[in-house]
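> Pasting a structure here, questions to come.
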There are 2 protein chains.
Amino acid sequence: MPVDQNAPLRITAFDWVPDFARGHVRDLRPRWACEEIGLPYATRLLSVTDRPADYYAEQPWGQVPVIEEDGLGVFESGAILLHIGEKDERLLPRDHKGRMRAVSWLFAAYSSIEPMTMELATVDIFCAGEEWAKLRRPGLLADAGQRLDRLEAALGERDWLAGSFSIADIAMVTVLRGVAASGLLERRPRLAAYLERGIARPAFAAALHAQLSDFQPEPVAA
Amino acid sequence: MPVDQNAPLRITAFDWVPDFARGHVRDLRPRWACEEIGLPYATRLLSVTDRPADYYAEQPWGQVPVIEEDGLGVFESGAILLHIGEKDERLLPRDHKGRMRAVSWLFAAYSSIEPMTMELATVDIFCAGEEWAKLRRPGLLADAGQRLDRLEAALGERDWLAGSFSIADIAMVTVLRGVAASGLLERRPRLAAYLERGIARPAFAAALHAQLSDFQPEPVAA
């Protein structure tokens with residue numbers, strides 16, 4: 001059972017977030033990686049409404065996750081996935097060619113797909129009532145659709161982006177979960193199947209359960 | 001002189017781009033990394049207006065750069081910077097703690113700063129005449145400004161993000177160059193000085209010159 005408050009690896013997470021964000025906060029990614037390899041981790045829960053001022057020294061934007069392990073601090077979930085991935089070849093191939101294939105796809109998830117999904121979230125959630133968001137939506141969906149068509153073509157008949165399952169899939173599956181509500185995956189059956197394959201993994205379910213279990217029903221007073 | 005058409009490392013670049021993109025195409029990043037350590041590289045120039053269909057098998061979105069080296073292919077400039085960085089501690093510390101510090105900042109440039117600068121480019125360049133872009137601009141500038149304030153605070157009095165100069169600075173400096181025109185750095189003197197420090201490096205100037213030298217005056221017919 002990976003959650004173990006005595007584990008040397010500690011992941012920061014929030015103790016409450018609004019409903020729409022539950023199950024989508026990025027500490028899900030390192031939790032999932034730990035679950036895949038049975039690596040115990042502790043949690044350090046923070047208030048999203050009242051972040052400790054000194055936390056910004058650990059994470060420039062006050063976001064989660066950050067990990068700490070034996071005096072090492074790593075921020076940005078992509079960097080954290082790389083750190084955990086390097087512990088176990090079930091997450092990242094050991095041979096340089098396979099490793100760089102997975103790292104290419106890891107950056108693809110973060111640089112080429114997620115920014116588009118974040119823009120969609122801005123339009124559909126954070127600025128949903130604003131005039132610009134209504135005007136922007138059709139063009140953004142069209143651009144995102146083209147990008148996803150290319151992603152689907154690049155995935156081809158493979159189950160996972162870099163051959164075997166890797167940290168790149170943890171990143172890409174969690175990113176694609178964020179666009180599912182937009183309907184963009186409905187006419188892209190191979191991407192939809194890829195997403196289903198990812199979230200069907202027991203380690204994903206365990207990580208999701210662990211994140212959800214850490215949320216309080218209401219914001220916690222500082 | 002790093003450009004050497006017989007070098008085992010080959011970087012893809014475009015043989016023509018519109019004026020506004022000259023000096024900003026992302027092959028600048030691996031070129032800069034190679035220049036920092038005197039690593040020779042060859043170029044493989046592609047037409048941006050008529051990309052070879054089989055190039056999408058190397059780069060899912062038909063973008064540059066891709067690198068090839070001894071049968072290894074790496075795409076996404078962040079992954080390429082990591083690959084080149086691992087060759088030389090002048091680009092990436094060898095000790096795990098220092099390395100992960102630089103990798104955290106590398107992902108910060110790609111995941112937390114660049115998406116915002118790309119959104120600004122969409123508003124100010126690609127969709128400049130559109131109504132939604134005019135309505136979106138003030139809020140986007142405010143959000144971007146807050147993010148840059150945090151970046152400036154995190155940089156503090158240091159010259160470089162991760163202590164010594166690293167691939168993280170190659171990423172962040174090239175990202176910040178893209179927002180300079182928006183005026184966002186004018187009231188952030190430490191970030192402006194950081195950008196100046198980056199582009200004052202001889203290796204940056206050599207990389208910029210090399211990219212610009214590869215552009216033809218007009219698009220090349222296929």
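Identifiers in this document derive from the order of the structure tokens: chains are assigned A, B, ..., residues are numbered from 1 separately in each chain, and ligands are numbered from 1 in order of occurrence.
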Show me which bits of chain B are within 9 Å of chain A, counting only C-alpha atoms, as an MDAnalysis selection string.

chainID B and resid 56:57 59:61 71:80 82:83 96:97 100:101 103:108 110:112 114:116 118:119 131:136 147 150:151 153:154

> What would the file look like if the residues just selected were written as a tab-separated table (two decimals), in the first residue's frame with N, CA and C atoms?


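File written: out_5.tsv
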```tsv
chain	number	residue	atom	x	y	z
B	56	TYR	N	6.42	13.42	-40.22
B	56	TYR	CA	5.49	13.30	-39.08
B	56	TYR	C	5.74	12.01	-38.28
B	57	ALA	N	6.40	11.04	-38.89
B	57	ALA	CA	6.76	9.83	-38.14
B	57	ALA	C	7.90	10.13	-37.15
B	59	GLN	N	8.34	13.48	-35.94
B	59	GLN	CA	7.85	14.54	-35.06
B	59	GLN	C	6.35	14.61	-35.27
B	60	PRO	N	5.57	14.23	-34.26
B	60	PRO	CA	4.13	14.06	-34.46
B	60	PRO	C	3.44	15.28	-35.05
B	61	TRP	N	3.96	16.49	-34.83
B	61	TRP	CA	3.30	17.70	-35.32
B	61	TRP	C	4.06	18.37	-36.45
B	71	GLY	N	21.50	6.68	-34.80
B	71	GLY	CA	20.28	5.86	-34.81
B	71	GLY	C	19.26	6.23	-33.76
B	72	LEU	N	19.60	7.17	-32.90
B	72	LEU	CA	18.67	7.65	-31.88
B	72	LEU	C	17.91	8.85	-32.42
B	73	GLY	N	16.60	8.89	-32.20
B	73	GLY	CA	15.82	10.06	-32.57
B	73	GLY	C	15.19	10.66	-31.32
B	74	VAL	N	15.28	11.96	-31.17
B	74	VAL	CA	14.65	12.63	-30.03
B	74	VAL	C	13.85	13.81	-30.56
B	75	PHE	N	12.60	13.96	-30.10
B	75	PHE	CA	11.81	15.11	-30.49
B	75	PHE	C	11.35	15.85	-29.25
B	76	GLU	N	10.81	17.04	-29.43
B	76	GLU	CA	10.46	17.99	-28.37
B	76	GLU	C	11.76	18.63	-27.87
B	77	SER	N	11.86	19.94	-27.99
B	77	SER	CA	13.13	20.59	-27.66
B	77	SER	C	13.53	20.40	-26.20
B	78	GLY	N	12.55	20.23	-25.29
B	78	GLY	CA	12.89	19.97	-23.89
B	78	GLY	C	13.63	18.65	-23.72
B	79	ALA	N	13.15	17.63	-24.42
B	79	ALA	CA	13.80	16.31	-24.35
B	79	ALA	C	15.19	16.39	-24.99
B	80	ILE	N	15.29	17.15	-26.08
B	80	ILE	CA	16.57	17.30	-26.77
B	80	ILE	C	17.58	18.03	-25.86
B	82	LEU	N	17.62	17.95	-22.67
B	82	LEU	CA	18.03	16.98	-21.66
B	82	LEU	C	19.09	16.03	-22.22
B	83	HIS	N	18.85	15.56	-23.44
B	83	HIS	CA	19.81	14.64	-24.09
B	83	HIS	C	21.18	15.29	-24.25
B	96	HIS	N	22.96	14.26	-8.41
B	96	HIS	CA	21.52	14.08	-8.61
B	96	HIS	C	20.72	15.28	-8.12
B	97	LYS	N	21.12	15.84	-7.00
B	97	LYS	CA	20.38	16.97	-6.44
B	97	LYS	C	20.44	18.20	-7.38
B	100	MET	N	18.45	17.45	-10.60
B	100	MET	CA	17.00	17.54	-10.49
B	100	MET	C	16.53	18.98	-10.28
B	101	ARG	N	17.39	19.80	-9.68
B	101	ARG	CA	17.07	21.23	-9.56
B	101	ARG	C	16.95	21.84	-10.97
B	103	VAL	N	16.46	20.19	-13.77
B	103	VAL	CA	15.35	19.57	-14.51
B	103	VAL	C	14.01	20.15	-14.05
B	104	SER	N	13.89	20.45	-12.76
B	104	SER	CA	12.66	21.12	-12.27
B	104	SER	C	12.46	22.44	-13.00
B	105	TRP	N	13.52	23.21	-13.10
B	105	TRP	CA	13.41	24.51	-13.78
B	105	TRP	C	13.21	24.36	-15.29
B	106	LEU	N	13.77	23.29	-15.86
B	106	LEU	CA	13.54	23.02	-17.28
B	106	LEU	C	12.05	22.81	-17.53
B	107	PHE	N	11.43	21.96	-16.71
B	107	PHE	CA	9.99	21.75	-16.86
B	107	PHE	C	9.21	23.02	-16.53
B	108	ALA	N	9.69	23.80	-15.59
B	108	ALA	CA	9.00	25.05	-15.26
B	108	ALA	C	8.94	25.96	-16.50
B	110	TYR	N	9.00	25.05	-19.64
B	110	TYR	CA	8.10	24.46	-20.65
B	110	TYR	C	6.65	24.39	-20.21
B	111	SER	N	6.41	24.09	-18.93
B	111	SER	CA	5.03	23.83	-18.48
B	111	SER	C	4.37	25.04	-17.85
B	112	SER	N	5.16	25.89	-17.21
B	112	SER	CA	4.55	26.95	-16.39
B	112	SER	C	4.74	28.34	-16.97
B	114	GLU	N	6.11	28.92	-20.68
B	114	GLU	CA	5.93	28.97	-22.14
B	114	GLU	C	4.47	28.90	-22.59
B	115	PRO	N	3.61	28.08	-21.96
B	115	PRO	CA	2.21	28.05	-22.43
B	115	PRO	C	1.56	29.43	-22.41
B	116	MET	N	1.89	30.22	-21.39
B	116	MET	CA	1.38	31.57	-21.25
B	116	MET	C	1.93	32.47	-22.37
B	118	MET	N	2.90	31.42	-25.27
B	118	MET	CA	2.29	30.99	-26.53
B	118	MET	C	0.88	31.58	-26.67
B	119	GLU	N	0.16	31.64	-25.54
B	119	GLU	CA	-1.17	32.23	-25.57
B	119	GLU	C	-1.07	33.72	-25.93
B	131	GLU	N	-11.83	39.81	-32.53
B	131	GLU	CA	-12.49	40.44	-31.39
B	131	GLU	C	-12.16	39.73	-30.08
B	132	TRP	N	-12.16	38.40	-30.09
B	132	TRP	CA	-11.90	37.69	-28.84
B	132	TRP	C	-10.50	38.01	-28.32
B	133	ALA	N	-9.55	38.21	-29.23
B	133	ALA	CA	-8.18	38.46	-28.81
B	133	ALA	C	-8.07	39.81	-28.10
B	134	LYS	N	-8.82	40.80	-28.62
B	134	LYS	CA	-8.82	42.12	-27.97
B	134	LYS	C	-9.43	42.04	-26.56
B	135	LEU	N	-10.51	41.28	-26.46
B	135	LEU	CA	-11.17	41.15	-25.16
B	135	LEU	C	-10.34	40.32	-24.18
B	136	ARG	N	-9.61	39.37	-24.69
B	136	ARG	CA	-8.83	38.46	-23.84
B	136	ARG	C	-7.56	39.12	-23.30
B	147	ARG	N	2.40	35.57	-12.85
B	147	ARG	CA	3.29	34.42	-12.96
B	147	ARG	C	4.75	34.88	-13.03
B	150	ARG	N	6.19	35.94	-9.71
B	150	ARG	CA	6.64	34.78	-8.93
B	150	ARG	C	7.98	34.24	-9.45
B	151	LEU	N	8.11	34.26	-10.76
B	151	LEU	CA	9.38	33.79	-11.35
B	151	LEU	C	10.52	34.70	-10.90
B	153	ALA	N	10.66	36.52	-8.20
B	153	ALA	CA	10.92	36.28	-6.78
B	153	ALA	C	11.73	34.99	-6.60
B	154	ALA	N	11.40	33.97	-7.37
B	154	ALA	CA	12.10	32.68	-7.23
B	154	ALA	C	13.54	32.77	-7.72
```

> Would you mind aligning chain B to chain A, a least-squares fit over all C-alpha atoms taken in order, and returning the superposed chain as a CSV table (one decimal) with C-alpha atoms, in the first residue's frame?


```csv
chain,number,residue,atom,x,y,z
B,1,MET,CA,0.0,0.0,0.0
B,2,PRO,CA,2.0,3.0,-1.2
B,3,VAL,CA,0.6,5.7,1.2
B,4,ASP,CA,2.8,5.4,4.2
B,5,GLN,CA,3.4,8.4,6.4
B,6,ASN,CA,6.9,7.0,7.3
B,7,ALA,CA,8.1,6.7,3.7
B,8,PRO,CA,11.2,8.7,2.8
B,9,LEU,CA,9.4,10.1,-0.4
B,10,ARG,CA,6.9,12.8,0.5
B,11,ILE,CA,4.4,14.3,-2.0
B,12,THR,CA,2.6,17.6,-1.4
B,13,ALA,CA,-1.2,17.7,-2.1
B,14,PHE,CA,-4.1,19.9,-1.2
B,15,ASP,CA,-6.5,19.1,1.7
B,16,TRP,CA,-9.5,20.6,-0.2
B,17,VAL,CA,-10.2,21.8,-3.8
B,18,PRO,CA,-13.5,22.6,-5.5
B,19,ASP,CA,-15.5,19.7,-6.9
B,20,PHE,CA,-14.5,20.3,-10.5
B,21,ALA,CA,-10.8,19.8,-9.6
B,22,ARG,CA,-11.2,16.7,-7.5
B,23,GLY,CA,-9.4,13.8,-9.1
B,24,HIS,CA,-7.5,16.2,-11.5
B,25,VAL,CA,-4.9,17.9,-9.2
B,26,ARG,CA,-1.5,17.1,-10.5
B,27,ASP,CA,-0.2,15.2,-7.4
B,28,LEU,CA,-2.3,12.4,-9.1
B,29,ARG,CA,0.7,11.9,-11.4
B,30,PRO,CA,3.4,11.0,-8.9
B,31,ARG,CA,0.9,9.1,-6.8
B,32,TRP,CA,0.1,7.0,-9.9
B,33,ALA,CA,3.8,6.4,-10.7
B,34,CYS,CA,4.4,5.3,-7.1
B,35,GLU,CA,1.4,2.9,-7.3
B,36,GLU,CA,2.8,1.3,-10.5
B,37,ILE,CA,6.0,0.2,-8.8
B,38,GLY,CA,4.7,-0.2,-5.2
B,39,LEU,CA,6.9,2.6,-4.0
B,40,PRO,CA,5.6,3.9,-0.6
B,41,TYR,CA,5.1,7.6,-0.3
B,42,ALA,CA,4.0,10.0,2.4
B,43,THR,CA,1.8,13.0,1.9
B,44,ARG,CA,2.1,16.6,3.1
B,45,LEU,CA,-1.3,18.3,2.8
B,46,LEU,CA,-1.5,22.0,2.2
B,47,SER,CA,-4.4,24.5,2.3
B,48,VAL,CA,-5.2,25.7,-1.2
B,49,THR,CA,-6.9,28.8,0.2
B,50,ASP,CA,-4.1,29.7,2.6
B,51,ARG,CA,-0.8,28.4,1.3
B,52,PRO,CA,2.1,28.8,3.7
B,53,ALA,CA,4.2,31.7,2.5
B,54,ASP,CA,7.4,29.7,2.7
B,55,TYR,CA,6.0,27.1,0.3
B,56,TYR,CA,6.7,29.4,-2.6
B,57,ALA,CA,10.4,28.8,-1.9
B,58,GLU,CA,9.8,25.1,-2.8
B,59,GLN,CA,7.4,25.7,-5.6
B,60,PRO,CA,7.6,29.1,-7.4
B,61,TRP,CA,3.8,29.2,-8.0
B,62,GLY,CA,2.6,27.6,-4.8
B,63,GLN,CA,1.3,24.6,-6.7
B,64,VAL,CA,1.3,21.0,-5.9
B,65,PRO,CA,3.0,18.6,-6.2
B,66,VAL,CA,6.5,19.0,-4.8
B,67,ILE,CA,8.4,16.0,-3.7
B,68,GLU,CA,11.0,15.7,-1.0
B,69,GLU,CA,13.2,12.7,-0.6
B,70,ASP,CA,16.4,12.6,1.5
B,71,GLY,CA,17.0,16.3,1.4
B,72,LEU,CA,16.2,16.5,-2.3
B,73,GLY,CA,13.4,18.7,-3.5
B,74,VAL,CA,11.8,18.4,-7.0
B,75,PHE,CA,9.0,20.6,-8.4
B,76,GLU,CA,7.0,20.4,-11.6
B,77,SER,CA,5.2,17.1,-12.0
B,78,GLY,CA,7.1,16.4,-15.2
B,79,ALA,CA,10.4,16.6,-13.4
B,80,ILE,CA,8.9,14.5,-10.5
B,81,LEU,CA,7.8,11.8,-13.0
B,82,LEU,CA,11.3,11.7,-14.4
B,83,HIS,CA,12.8,11.4,-10.9
B,84,ILE,CA,10.5,8.5,-9.9
B,85,GLY,CA,10.7,7.0,-13.4
B,86,GLU,CA,14.5,6.7,-13.1
B,87,LYS,CA,14.0,4.4,-10.1
B,88,ASP,CA,12.3,1.6,-12.1
B,89,GLU,CA,12.3,0.4,-15.6
B,90,ARG,CA,8.6,-0.4,-15.4
B,91,LEU,CA,8.2,3.4,-15.7
B,92,LEU,CA,11.2,4.4,-17.8
B,93,PRO,CA,13.3,2.1,-20.0
B,94,ARG,CA,17.0,1.9,-18.9
B,95,ASP,CA,18.5,1.8,-22.4
B,96,HIS,CA,19.2,5.2,-23.7
B,97,LYS,CA,17.2,4.9,-26.9
B,98,GLY,CA,14.1,3.7,-25.1
B,99,ARG,CA,14.5,6.2,-22.4
B,100,MET,CA,14.8,9.1,-24.8
B,101,ARG,CA,11.7,7.9,-26.7
B,102,ALA,CA,9.7,8.0,-23.4
B,103,VAL,CA,11.2,11.4,-22.4
B,104,SER,CA,10.3,12.8,-25.9
B,105,TRP,CA,6.7,11.7,-25.3
B,106,LEU,CA,6.8,13.0,-21.7
B,107,PHE,CA,7.7,16.5,-23.0
B,108,ALA,CA,5.1,16.1,-25.8
B,109,ALA,CA,2.4,15.7,-23.1
B,110,TYR,CA,3.6,18.7,-21.2
B,111,SER,CA,4.6,21.0,-24.0
B,112,SER,CA,2.4,20.1,-27.0
B,113,ILE,CA,-0.9,18.7,-25.6
B,114,GLU,CA,-1.4,20.0,-22.0
B,115,PRO,CA,-1.1,23.8,-22.9
B,116,MET,CA,-4.1,23.3,-25.3
B,117,THR,CA,-6.1,21.5,-22.7
B,118,MET,CA,-5.3,24.2,-20.1
B,119,GLU,CA,-6.6,26.8,-22.6
B,120,LEU,CA,-9.7,24.8,-23.1
B,121,ALA,CA,-10.2,24.7,-19.3
B,122,THR,CA,-9.8,28.5,-19.2
B,123,VAL,CA,-12.5,28.8,-21.9
B,124,ASP,CA,-14.9,26.2,-20.5
B,125,ILE,CA,-14.4,26.6,-16.8
B,126,PHE,CA,-12.6,29.6,-15.5
B,127,CYS,CA,-13.9,32.2,-18.0
B,128,ALA,CA,-17.0,30.3,-19.2
B,129,GLY,CA,-19.3,33.3,-18.9
B,130,GLU,CA,-17.0,35.7,-20.7
B,131,GLU,CA,-17.7,37.0,-24.2
B,132,TRP,CA,-14.1,36.4,-25.4
B,133,ALA,CA,-14.4,32.7,-24.3
B,134,LYS,CA,-17.5,32.2,-26.3
B,135,LEU,CA,-15.9,33.7,-29.4
B,136,ARG,CA,-12.6,31.8,-28.9
B,137,ARG,CA,-14.1,28.4,-28.3
B,138,PRO,CA,-14.7,27.2,-31.9
B,139,GLY,CA,-11.2,28.1,-33.2
B,140,LEU,CA,-9.6,26.6,-30.1
B,141,LEU,CA,-11.6,23.3,-30.5
B,142,ALA,CA,-10.6,23.1,-34.2
B,143,ASP,CA,-6.9,23.7,-33.3
B,144,ALA,CA,-7.0,21.2,-30.5
B,145,GLY,CA,-8.8,18.6,-32.8
B,146,GLN,CA,-6.0,18.9,-35.4
B,147,ARG,CA,-3.4,18.4,-32.7
B,148,LEU,CA,-5.2,15.3,-31.4
B,149,ASP,CA,-5.6,13.9,-34.9
B,150,ARG,CA,-1.8,14.0,-35.2
B,151,LEU,CA,-1.5,12.4,-31.7
B,152,GLU,CA,-3.8,9.6,-32.7
B,153,ALA,CA,-1.9,9.0,-35.9
B,154,ALA,CA,1.4,8.9,-34.0
B,155,LEU,CA,0.1,6.5,-31.4
B,156,GLY,CA,-1.0,4.2,-34.3
B,157,GLU,CA,-1.8,0.7,-33.2
B,158,ARG,CA,0.4,0.8,-30.1
B,159,ASP,CA,-1.0,0.5,-26.6
B,160,TRP,CA,1.4,3.0,-25.1
B,161,LEU,CA,3.2,6.0,-26.5
B,162,ALA,CA,6.8,4.8,-26.1
B,163,GLY,CA,6.2,1.0,-26.7
B,164,SER,CA,5.9,-0.2,-23.1
B,165,PHE,CA,4.0,1.7,-20.5
B,166,SER,CA,6.0,4.6,-19.1
B,167,ILE,CA,5.8,7.9,-17.3
B,168,ALA,CA,4.9,9.5,-20.7
B,169,ASP,CA,1.6,7.6,-20.5
B,170,ILE,CA,1.0,8.8,-16.9
B,171,ALA,CA,1.4,12.4,-18.2
B,172,MET,CA,-0.6,11.9,-21.4
B,173,VAL,CA,-3.5,10.0,-19.9
B,174,THR,CA,-4.0,12.5,-17.1
B,175,VAL,CA,-3.9,15.3,-19.7
B,176,LEU,CA,-6.4,13.6,-22.0
B,177,ARG,CA,-8.8,13.0,-19.1
B,178,GLY,CA,-9.0,16.8,-18.9
B,179,VAL,CA,-10.3,17.1,-22.5
B,180,ALA,CA,-12.8,14.2,-22.4
B,181,ALA,CA,-15.6,16.5,-21.3
B,182,SER,CA,-15.1,18.7,-24.4
B,183,GLY,CA,-16.2,15.8,-26.6
B,184,LEU,CA,-12.9,16.0,-28.5
B,185,LEU,CA,-12.2,12.3,-28.0
B,186,GLU,CA,-15.6,11.0,-29.3
B,187,ARG,CA,-14.5,11.0,-32.9
B,188,ARG,CA,-11.0,9.8,-32.1
B,189,PRO,CA,-11.6,6.2,-31.0
B,190,ARG,CA,-8.0,5.2,-30.7
B,191,LEU,CA,-7.3,8.1,-28.4
B,192,ALA,CA,-10.5,7.3,-26.4
B,193,ALA,CA,-9.4,3.7,-26.1
B,194,TYR,CA,-5.9,4.8,-25.0
B,195,LEU,CA,-7.4,6.9,-22.3
B,196,GLU,CA,-9.6,4.0,-21.2
B,197,ARG,CA,-6.6,1.7,-21.2
B,198,GLY,CA,-4.8,4.1,-18.9
B,199,ILE,CA,-7.5,4.7,-16.4
B,200,ALA,CA,-8.2,0.9,-16.3
B,201,ARG,CA,-4.8,0.3,-14.7
B,202,PRO,CA,-5.2,-0.6,-11.0
B,203,ALA,CA,-2.4,1.8,-10.1
B,204,PHE,CA,-4.4,4.7,-11.6
B,205,ALA,CA,-7.5,3.7,-9.6
B,206,ALA,CA,-5.4,3.5,-6.4
B,207,ALA,CA,-3.9,6.9,-7.0
B,208,LEU,CA,-7.2,8.5,-7.7
B,209,HIS,CA,-8.7,7.0,-4.6
B,210,ALA,CA,-5.8,8.2,-2.5
B,211,GLN,CA,-6.1,11.8,-3.8
B,212,LEU,CA,-9.9,11.8,-3.3
B,213,SER,CA,-9.5,10.4,0.2
B,214,ASP,CA,-7.3,13.3,1.3
B,215,PHE,CA,-9.9,16.0,0.5
B,216,GLN,CA,-12.0,17.4,3.3
B,217,PRO,CA,-15.6,18.3,2.6
B,218,GLU,CA,-15.0,22.0,3.3
B,219,PRO,CA,-11.9,24.2,3.1
B,220,VAL,CA,-9.9,23.8,6.3
B,221,ALA,CA,-9.3,26.9,8.3
B,222,ALA,CA,-5.6,27.7,8.7
```

> Chain A: which residues are alpha helix (DSSP H) by DSSP, as an NGL selection string?

:A and (28-37 or 77-85 or 96-107 or 114-121 or 131-155 or 167-177 or 189-199 or 202-213)

> Among chain A, which residues does DSSP mark as strand (DSSP E or B) when it is run on the backbone? Keep the chain and numbering as in the structure and answer as number ranges by chain.

A: 3, 9-14, 41-46, 66-69, 72-75, 160, 163
